[in-house]
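Pasted below: upload-v3.pdb, PDB, C-alpha atoms.
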```
ATOM      1  CA  MET A 162     153.321  60.985  77.224  1.00  0.00           C
ATOM      2  CA  GLU A 163     156.838  59.641  76.698  1.00  0.00           C
ATOM      3  CA  THR A 164     157.165  57.019  73.976  1.00  0.00           C
ATOM      4  CA  GLN A 165     158.079  53.572  75.247  1.00  0.00           C
ATOM      5  CA  LYS A 166     161.687  52.693  74.540  1.00  0.00           C
ATOM      6  CA  LYS A 167     162.398  50.148  71.810  1.00  0.00           C
ATOM      7  CA  VAL A 168     164.093  46.980  73.071  1.00  0.00           C
ATOM      8  CA  ALA A 169     166.403  44.628  71.163  1.00  0.00           C
ATOM      9  CA  VAL A 170     167.542  41.218  72.384  1.00  0.00           C
ATOM     10  CA  ILE A 171     170.714  40.147  70.604  1.00  0.00           C
ATOM     11  CA  GLY A 172     171.443  36.453  70.919  1.00  0.00           C
ATOM     12  CA  LEU A 173     168.821  33.759  71.376  1.00  0.00           C
ATOM     13  CA  GLY A 174     170.573  31.343  73.672  1.00  0.00           C
ATOM     14  CA  ASN A 175     168.922  30.292  76.934  1.00  0.00           C
ATOM     15  CA  ILE A 176     168.890  33.737  78.574  1.00  0.00           C
ATOM     16  CA  GLY A 177     168.135  35.700  75.412  1.00  0.00           C
ATOM     17  CA  LYS A 178     165.274  33.448  74.426  1.00  0.00           C
ATOM     18  CA  ALA A 179     163.798  33.554  77.937  1.00  0.00           C
ATOM     19  CA  VAL A 180     163.893  37.365  78.048  1.00  0.00           C
ATOM     20  CA  ALA A 181     162.475  37.749  74.540  1.00  0.00           C
ATOM     21  CA  THR A 182     159.763  35.155  75.194  1.00  0.00           C
ATOM     22  CA  ASN A 183     158.719  36.880  78.411  1.00  0.00           C
ATOM     23  CA  LEU A 184     158.420  40.195  76.566  1.00  0.00           C
ATOM     24  CA  VAL A 185     156.296  38.580  73.863  1.00  0.00           C
ATOM     25  CA  ASN A 186     154.109  36.823  76.445  1.00  0.00           C
ATOM     26  CA  ASN A 187     153.458  40.193  78.045  1.00  0.00           C
ATOM     27  CA  GLN A 188     152.643  41.698  74.644  1.00  0.00           C
ATOM     28  CA  HIS A 189     155.689  43.970  74.601  1.00  0.00           C
ATOM     29  CA  ASN A 190     157.247  44.523  71.188  1.00  0.00           C
ATOM     30  CA  VAL A 191     160.843  43.361  70.876  1.00  0.00           C
ATOM     31  CA  ILE A 192     163.457  43.251  68.132  1.00  0.00           C
ATOM     32  CA  VAL A 193     165.397  39.977  68.007  1.00  0.00           C
ATOM     33  CA  ALA A 194     168.727  39.353  66.314  1.00  0.00           C
ATOM     34  CA  ALA A 195     171.201  36.504  66.259  1.00  0.00           C
ATOM     35  CA  ARG A 196     174.297  35.436  64.358  1.00  0.00           C
ATOM     36  CA  ASN A 197     172.082  32.713  62.882  1.00  0.00           C
ATOM     37  CA  ALA A 198     169.435  34.795  61.101  1.00  0.00           C
ATOM     38  CA  ASP A 199     167.094  31.793  60.816  1.00  0.00           C
ATOM     39  CA  GLU A 200     166.863  31.651  64.620  1.00  0.00           C
ATOM     40  CA  ALA A 201     165.656  35.233  64.806  1.00  0.00           C
ATOM     41  CA  ASN A 202     163.298  34.784  61.869  1.00  0.00           C
ATOM     42  CA  ASP A 203     161.757  31.643  63.388  1.00  0.00           C
ATOM     43  CA  PHE A 204     161.311  33.301  66.764  1.00  0.00           C
ATOM     44  CA  ALA A 205     159.612  36.324  65.196  1.00  0.00           C
ATOM     45  CA  ALA A 206     157.345  34.111  63.097  1.00  0.00           C
ATOM     46  CA  GLN A 207     156.014  32.415  66.240  1.00  0.00           C
ATOM     47  CA  SER A 208     155.620  35.594  68.300  1.00  0.00           C
ATOM     48  CA  GLY A 209     152.140  36.598  67.273  1.00  0.00           C
ATOM     49  CA  GLY A 210     153.477  39.795  65.777  1.00  0.00           C
ATOM     50  CA  PHE A 211     155.207  41.041  68.931  1.00  0.00           C
ATOM     51  CA  ALA A 212     158.762  40.222  67.779  1.00  0.00           C
ATOM     52  CA  GLN A 213     160.516  41.618  64.728  1.00  0.00           C
ATOM     53  CA  SER A 214     163.654  39.944  63.417  1.00  0.00           C
ATOM     54  CA  ALA A 215     166.616  42.009  62.276  1.00  0.00           C
ATOM     55  CA  THR A 216     170.328  41.833  61.664  1.00  0.00           C
ATOM     56  CA  ILE A 217     172.495  42.685  64.654  1.00  0.00           C
ATOM     57  CA  GLU A 218     173.395  46.009  63.060  1.00  0.00           C
ATOM     58  CA  GLU A 219     169.751  46.855  62.327  1.00  0.00           C
ATOM     59  CA  ALA A 220     168.693  45.898  65.849  1.00  0.00           C
ATOM     60  CA  ILE A 221     171.296  48.158  67.465  1.00  0.00           C
ATOM     61  CA  ASN A 222     170.474  51.077  65.197  1.00  0.00           C
ATOM     62  CA  THR A 223     166.711  50.765  65.732  1.00  0.00           C
ATOM     63  CA  ALA A 224     166.463  50.059  69.473  1.00  0.00           C
ATOM     64  CA  ASP A 225     167.020  52.339  72.474  1.00  0.00           C
ATOM     65  CA  ILE A 226     167.714  49.515  74.920  1.00  0.00           C
ATOM     66  CA  ILE A 227     170.122  46.797  73.794  1.00  0.00           C
ATOM     67  CA  ILE A 228     170.208  43.452  75.624  1.00  0.00           C
ATOM     68  CA  PRO A 229     173.260  41.505  74.376  1.00  0.00           C
ATOM     69  CA  ALA A 230     172.495  37.989  75.592  1.00  0.00           C
ATOM     70  CA  ILE A 231     176.092  36.882  75.091  1.00  0.00           C
ATOM     71  CA  TRP A 232     178.889  35.329  77.126  1.00  0.00           C
ATOM     72  CA  PHE A 233     180.911  37.618  79.355  1.00  0.00           C
ATOM     73  CA  GLY A 234     184.027  36.973  77.291  1.00  0.00           C
ATOM     74  CA  SER A 235     182.278  38.160  74.122  1.00  0.00           C
ATOM     75  CA  PHE A 236     181.503  41.682  75.315  1.00  0.00           C
ATOM     76  CA  LYS A 237     184.855  43.184  74.326  1.00  0.00           C
ATOM     77  CA  ASP A 238     184.466  42.048  70.713  1.00  0.00           C
ATOM     78  CA  PHE A 239     180.795  43.074  70.680  1.00  0.00           C
ATOM     79  CA  PHE A 240     181.694  46.570  71.858  1.00  0.00           C
ATOM     80  CA  ASN A 241     184.614  46.820  69.425  1.00  0.00           C
ATOM     81  CA  ASP A 242     182.537  45.634  66.466  1.00  0.00           C
ATOM     82  CA  ASN A 243     179.544  47.861  67.210  1.00  0.00           C
ATOM     83  CA  GLY A 244     181.036  50.710  69.228  1.00  0.00           C
ATOM     84  CA  ASN A 245     179.841  53.568  67.024  1.00  0.00           C
ATOM     85  CA  SER A 246     176.289  52.242  66.779  1.00  0.00           C
ATOM     86  CA  LEU A 247     176.114  51.613  70.533  1.00  0.00           C
ATOM     87  CA  GLN A 248     176.969  55.205  71.454  1.00  0.00           C
ATOM     88  CA  GLY A 249     174.147  56.754  73.442  1.00  0.00           C
ATOM     89  CA  LYS A 250     172.318  53.452  73.913  1.00  0.00           C
ATOM     90  CA  ILE A 251     171.226  51.771  77.137  1.00  0.00           C
ATOM     91  CA  ILE A 252     173.081  48.447  77.292  1.00  0.00           C
ATOM     92  CA  VAL A 253     171.843  45.689  79.599  1.00  0.00           C
ATOM     93  CA  ASP A 254     174.572  43.296  80.721  1.00  0.00           C
ATOM     94  CA  VAL A 255     173.097  39.858  81.482  1.00  0.00           C
ATOM     95  CA  SER A 256     176.456  38.100  81.669  1.00  0.00           C
ATOM     96  CA  ASN A 257     178.040  36.067  84.423  1.00  0.00           C
ATOM     97  CA  PRO A 258     181.843  35.565  84.498  1.00  0.00           C
ATOM     98  CA  ILE A 259     181.781  31.788  84.849  1.00  0.00           C
ATOM     99  CA  ALA A 260     182.870  28.674  82.967  1.00  0.00           C
ATOM    100  CA  PRO A 261     182.508  24.894  83.547  1.00  0.00           C
ATOM    101  CA  ASP A 262     184.850  23.673  86.282  1.00  0.00           C
ATOM    102  CA  GLY A 263     185.268  20.183  84.818  1.00  0.00           C
ATOM    103  CA  ASN A 264     183.357  18.604  87.701  1.00  0.00           C
ATOM    104  CA  GLY A 265     179.821  19.316  86.584  1.00  0.00           C
ATOM    105  CA  GLY A 266     179.739  22.764  88.156  1.00  0.00           C
ATOM    106  CA  PHE A 267     180.971  26.249  87.395  1.00  0.00           C
ATOM    107  CA  LYS A 268     183.903  28.399  88.430  1.00  0.00           C
ATOM    108  CA  LYS A 269     184.470  32.131  88.362  1.00  0.00           C
ATOM    109  CA  ILE A 270     186.897  33.172  85.629  1.00  0.00           C
ATOM    110  CA  ILE A 271     187.796  36.619  86.978  1.00  0.00           C
ATOM    111  CA  GLY A 272     189.116  37.764  90.346  1.00  0.00           C
ATOM    112  CA  GLU A 273     187.116  36.782  93.407  1.00  0.00           C
ATOM    113  CA  ARG A 274     186.229  40.412  94.109  1.00  0.00           C
ATOM    114  CA  GLU A 275     185.747  41.430  90.479  1.00  0.00           C
ATOM    115  CA  SER A 276     182.405  41.645  88.684  1.00  0.00           C
ATOM    116  CA  ALA A 277     181.448  41.375  85.036  1.00  0.00           C
ATOM    117  CA  GLY A 278     179.468  44.591  85.368  1.00  0.00           C
ATOM    118  CA  GLU A 279     182.432  46.642  86.562  1.00  0.00           C
ATOM    119  CA  LEU A 280     184.778  45.181  83.955  1.00  0.00           C
ATOM    120  CA  ASN A 281     182.303  45.809  81.140  1.00  0.00           C
ATOM    121  CA  LYS A 282     181.772  49.361  82.353  1.00  0.00           C
ATOM    122  CA  VAL A 283     185.464  50.096  81.716  1.00  0.00           C
ATOM    123  CA  ILE A 284     185.149  49.167  78.027  1.00  0.00           C
ATOM    124  CA  LEU A 285     181.675  50.648  77.518  1.00  0.00           C
ATOM    125  CA  PRO A 286     181.181  52.530  74.224  1.00  0.00           C
ATOM    126  CA  LYS A 287     181.183  56.322  74.489  1.00  0.00           C
ATOM    127  CA  ASN A 288     178.065  57.960  75.956  1.00  0.00           C
ATOM    128  CA  SER A 289     176.256  54.656  76.449  1.00  0.00           C
ATOM    129  CA  LYS A 290     174.754  53.640  79.785  1.00  0.00           C
ATOM    130  CA  LEU A 291     175.185  50.246  81.428  1.00  0.00           C
ATOM    131  CA  VAL A 292     172.648  48.290  83.431  1.00  0.00           C
ATOM    132  CA  LYS A 293     173.233  44.933  85.102  1.00  0.00           C
ATOM    133  CA  ALA A 294     170.043  42.836  84.953  1.00  0.00           C
ATOM    134  CA  PHE A 295     168.377  39.557  83.875  1.00  0.00           C
ATOM    135  CA  GLY A 296     171.475  37.424  84.541  1.00  0.00           C
ATOM    136  CA  THR A 297     170.519  37.584  88.226  1.00  0.00           C
ATOM    137  CA  LEU A 298     168.352  34.474  87.746  1.00  0.00           C
ATOM    138  CA  GLY A 299     169.025  31.280  85.846  1.00  0.00           C
ATOM    139  CA  ALA A 300     167.468  30.931  82.409  1.00  0.00           C
ATOM    140  CA  GLY A 301     165.046  28.280  83.637  1.00  0.00           C
ATOM    141  CA  THR A 302     163.818  30.509  86.443  1.00  0.00           C
ATOM    142  CA  LEU A 303     163.520  33.505  84.121  1.00  0.00           C
ATOM    143  CA  ALA A 304     161.134  31.405  82.064  1.00  0.00           C
ATOM    144  CA  SER A 305     159.216  29.678  84.844  1.00  0.00           C
ATOM    145  CA  SER A 306     158.850  32.544  87.344  1.00  0.00           C
ATOM    146  CA  SER A 307     157.614  35.222  84.943  1.00  0.00           C
ATOM    147  CA  ASN A 308     154.211  36.615  86.011  1.00  0.00           C
ATOM    148  CA  ARG A 309     154.282  34.614  89.223  1.00  0.00           C
ATOM    149  CA  GLN A 310     151.143  34.873  91.353  1.00  0.00           C
ATOM    150  CA  PRO A 311     149.976  36.109  93.790  1.00  0.00           C
ATOM    151  CA  GLU A 312     153.163  38.186  94.113  1.00  0.00           C
ATOM    152  CA  LYS A 313     155.646  38.723  91.331  1.00  0.00           C
ATOM    153  CA  ALA A 314     159.207  37.509  91.777  1.00  0.00           C
ATOM    154  CA  VAL A 315     161.832  40.238  92.079  1.00  0.00           C
ATOM    155  CA  LEU A 316     164.459  40.835  89.446  1.00  0.00           C
ATOM    156  CA  PHE A 317     167.349  42.879  90.831  1.00  0.00           C
ATOM    157  CA  TYR A 318     169.249  45.394  88.740  1.00  0.00           C
ATOM    158  CA  ALA A 319     172.186  47.772  89.167  1.00  0.00           C
ATOM    159  CA  SER A 320     172.921  51.014  87.323  1.00  0.00           C
ATOM    160  CA  ASP A 321     174.897  54.193  87.859  1.00  0.00           C
ATOM    161  CA  ASP A 322     172.548  56.320  85.763  1.00  0.00           C
ATOM    162  CA  THR A 323     169.414  56.838  87.815  1.00  0.00           C
ATOM    163  CA  ASP A 324     167.797  58.813  84.993  1.00  0.00           C
ATOM    164  CA  ILE A 325     167.208  55.545  83.127  1.00  0.00           C
ATOM    165  CA  ASN A 326     165.679  53.665  86.053  1.00  0.00           C
ATOM    166  CA  ASN A 327     162.108  54.134  84.821  1.00  0.00           C
ATOM    167  CA  ASP A 328     163.000  52.773  81.391  1.00  0.00           C
ATOM    168  CA  ILE A 329     164.708  49.716  82.827  1.00  0.00           C
ATOM    169  CA  GLU A 330     161.960  49.062  85.334  1.00  0.00           C
ATOM    170  CA  ASP A 331     159.384  49.216  82.542  1.00  0.00           C
ATOM    171  CA  VAL A 332     161.271  46.522  80.634  1.00  0.00           C
ATOM    172  CA  ILE A 333     161.633  44.342  83.730  1.00  0.00           C
ATOM    173  CA  ARG A 334     157.930  44.651  84.513  1.00  0.00           C
ATOM    174  CA  ASN A 335     157.145  43.800  80.897  1.00  0.00           C
ATOM    175  CA  THR A 336     159.017  40.519  81.350  1.00  0.00           C
ATOM    176  CA  GLY A 337     156.750  39.633  84.279  1.00  0.00           C
ATOM    177  CA  PHE A 338     158.990  40.542  87.236  1.00  0.00           C
ATOM    178  CA  GLU A 339     159.107  43.201  89.938  1.00  0.00           C
ATOM    179  CA  PRO A 340     162.218  45.395  89.544  1.00  0.00           C
ATOM    180  CA  LEU A 341     164.425  46.384  92.476  1.00  0.00           C
ATOM    181  CA  ARG A 342     167.558  48.500  92.098  1.00  0.00           C
ATOM    182  CA  ILE A 343     170.350  47.523  94.486  1.00  0.00           C
ATOM    183  CA  GLY A 344     172.653  50.441  93.697  1.00  0.00           C
ATOM    184  CA  GLY A 345     175.305  51.289  91.139  1.00  0.00           C
ATOM    185  CA  ILE A 346     177.401  49.052  88.908  1.00  0.00           C
ATOM    186  CA  ASP A 347     179.848  48.659  91.792  1.00  0.00           C
ATOM    187  CA  GLN A 348     177.190  46.405  93.362  1.00  0.00           C
ATOM    188  CA  SER A 349     177.035  44.080  90.344  1.00  0.00           C
ATOM    189  CA  ILE A 350     178.957  41.341  92.108  1.00  0.00           C
ATOM    190  CA  ARG A 351     175.997  40.847  94.441  1.00  0.00           C
ATOM    191  CA  ILE A 352     173.659  39.882  91.583  1.00  0.00           C
ATOM    192  CA  GLU A 353     176.084  37.774  89.560  1.00  0.00           C
ATOM    193  CA  VAL A 354     176.523  34.024  90.038  1.00  0.00           C
ATOM    194  CA  PHE A 355     177.811  33.228  93.560  1.00  0.00           C
ATOM    195  CA  GLY A 356     176.767  36.705  94.780  1.00  0.00           C
ATOM    196  CA  ASP A 357     174.619  37.073  97.870  1.00  0.00           C
ATOM    197  CA  LEU A 358     171.561  38.189  95.866  1.00  0.00           C
ATOM    198  CA  HIS A 359     171.847  35.642  93.047  1.00  0.00           C
ATOM    199  CA  GLU A 360     169.719  32.546  92.695  1.00  0.00           C
ATOM    200  CA  PHE A 361     172.949  30.510  92.549  1.00  0.00           C
ATOM    201  CA  GLY A 362     174.479  32.281  95.536  1.00  0.00           C
ATOM    202  CA  LYS A 363     173.533  32.950  99.134  1.00  0.00           C
ATOM    203  CA  LEU A 364     169.953  33.934  98.301  1.00  0.00           C
ATOM    204  CA  GLY A 365     169.364  30.605  96.585  1.00  0.00           C
ATOM    205  CA  LYS A 366     165.812  31.245  95.382  1.00  0.00           C
ATOM    206  CA  THR A 367     163.402  33.734  93.887  1.00  0.00           C
ATOM    207  CA  VAL A 368     161.906  36.208  96.339  1.00  0.00           C
ATOM    208  CA  ASN A 369     159.027  38.673  96.459  1.00  0.00           C
ATOM    209  CA  LEU A 370     159.565  42.393  97.023  1.00  0.00           C
ATOM    210  CA  GLU A 371     159.300  42.272 100.813  1.00  0.00           C
ATOM    211  CA  GLU A 372     161.754  39.371 101.033  1.00  0.00           C
ATOM    212  CA  ALA A 373     164.120  41.069  98.618  1.00  0.00           C
ATOM    213  CA  LYS A 374     164.216  44.324 100.547  1.00  0.00           C
ATOM    214  CA  SER A 375     164.994  42.433 103.751  1.00  0.00           C
ATOM    215  CA  ASN A 376     168.137  41.035 102.095  1.00  0.00           C
ATOM    216  CA  LEU A 377     169.553  44.352 100.861  1.00  0.00           C
TER     217      LEU A 377
END
```

If you convert what's in this file into structure tokens, what do you get?
Amino acid sequence: METQKKVAVIGLGNIGKAVATNLVNNQHNVIVAARNADEANDFAAQSGGFAQSATIEEAINTADIIIPAIWFGSFKDFFNDNGNSLQGKIIVDVSNPIAPDGNGGFKKIIGERESAGELNKVILPKNSKLVKAFGTLGAGTLASSSNRQPEKAVLFYASDDTDINNDIEDVIRNTGFEPLRIGGIDQSIRIEVFGDLHEFGKLGKTVNLEEAKSNL
């Protein structure tokens, strides 16, 4: 039997904390790291033994699947700072290329037809594999819709490397959602903010598997 891949969540902001909490609630071991070490230590201490705190460097070196829960604009520095350690890893991009618009809402900060996933793919560390996932729902919904009954809510993902689909789908299921691949990274724009399959886009809500497939 294949050993389950080790998962690290780096960054414990709203999205990172929601993902890590969902893993813990589903009794899936997770490594947590943050620039503020006390944040990671506190989270691990309250996890019932399912979370282990680490430095960012330790987390990357130990885990197989790295979830950098960071802003889109931080990915270039993250890749530059950790490029050697990230080689060969599965990297999950949760980012959305948005910023406050000054009117209480958000605006896209890249071209209208560009996606964070495609731009991050260009600067991806050597031999690593990119997946777009988890940023397809707001942080509040990630927390509140985990393990929804009677049917799980869908969490869309995109990846070019189909050989890692099972690993990614295991992680998504272990956060309490039903995974559904929409295609390669070139489809990322659909599951980023304002995209037709995003909660804050045309779809406008969480959906079950049947509803999700009808929108593909």

Quick one: pull the distance between atom CA of Phe338 of chain A and atom CA of Phe295 of chain A, Å, one decimal.
10.0 Å

Using the chain letters and numbers from the file, give me the residues hit by the PyMOL selection byres ((chain A and resi 176) around 10), as a PyMOL selection string.
chain A and resi 170+172-175+177-182+229-231+255-256+295-296+298-304

Run through the PyMOL selection byres ((chain A and resi 324-329) around 12) on the given coordinates and return the selected residues as an NGL selection string.
:A and (163-168 or 225-228 or 249-254 or 289-295 or 316-323 or 330-336 or 338-345)

Using all atoms listed in the file, which protein or nucleic acid residues come within 10 Å of Ser208 of chain A? Drop anything in the same chain fewer than 6 positions from it, and give the result as a ChimeraX atom specification.
/A:181-182,184-186,188,190-191

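Between atom CA of Val193 of chain A and atom CA of Glu219 of chain A lies a distance of 9.9 Å.
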
Can you pull out every residue within 8 Å of Glu353 of chain A, counting all atoms listed in the file, but drop anything in the same chain fewer than 2 positions away, and send it as a VMD selection string?
chain A and resid 256 to 258 276 to 277 296 to 297 349 to 351 355 to 356 358 to 359

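Distance-wise, atom CA of Leu247 of chain A and atom CA of Phe233 of chain A end up 17.2 Å apart.
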
Answer key for the PyMOL selection byres ((chain A and resi 285) around 10), residues as a ChimeraX atom specification
/A:236-237,240-241,244,247-248,252,279-284,286-291

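The closest residue to Asn376 of chain A, picked from A:Gly210, A:Ile346, A:Val315, A:Gly337 and counting all atoms listed in the file, is A:Val315.
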
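Here the question is which of A:His189, A:Lys269, A:Arg274, A:Arg196 gets nearest to Asp347 of chain A using all atoms listed in the file, and that residue is A:Arg274.
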
Fewer than 5 positions away in the same chain doesn't count, so skip those; otherwise give me all residues within 9 Å of Glu200 of chain A, counting only C-alpha atoms, as a VMD selection string.
chain A and resid 173 194 to 195 205 214
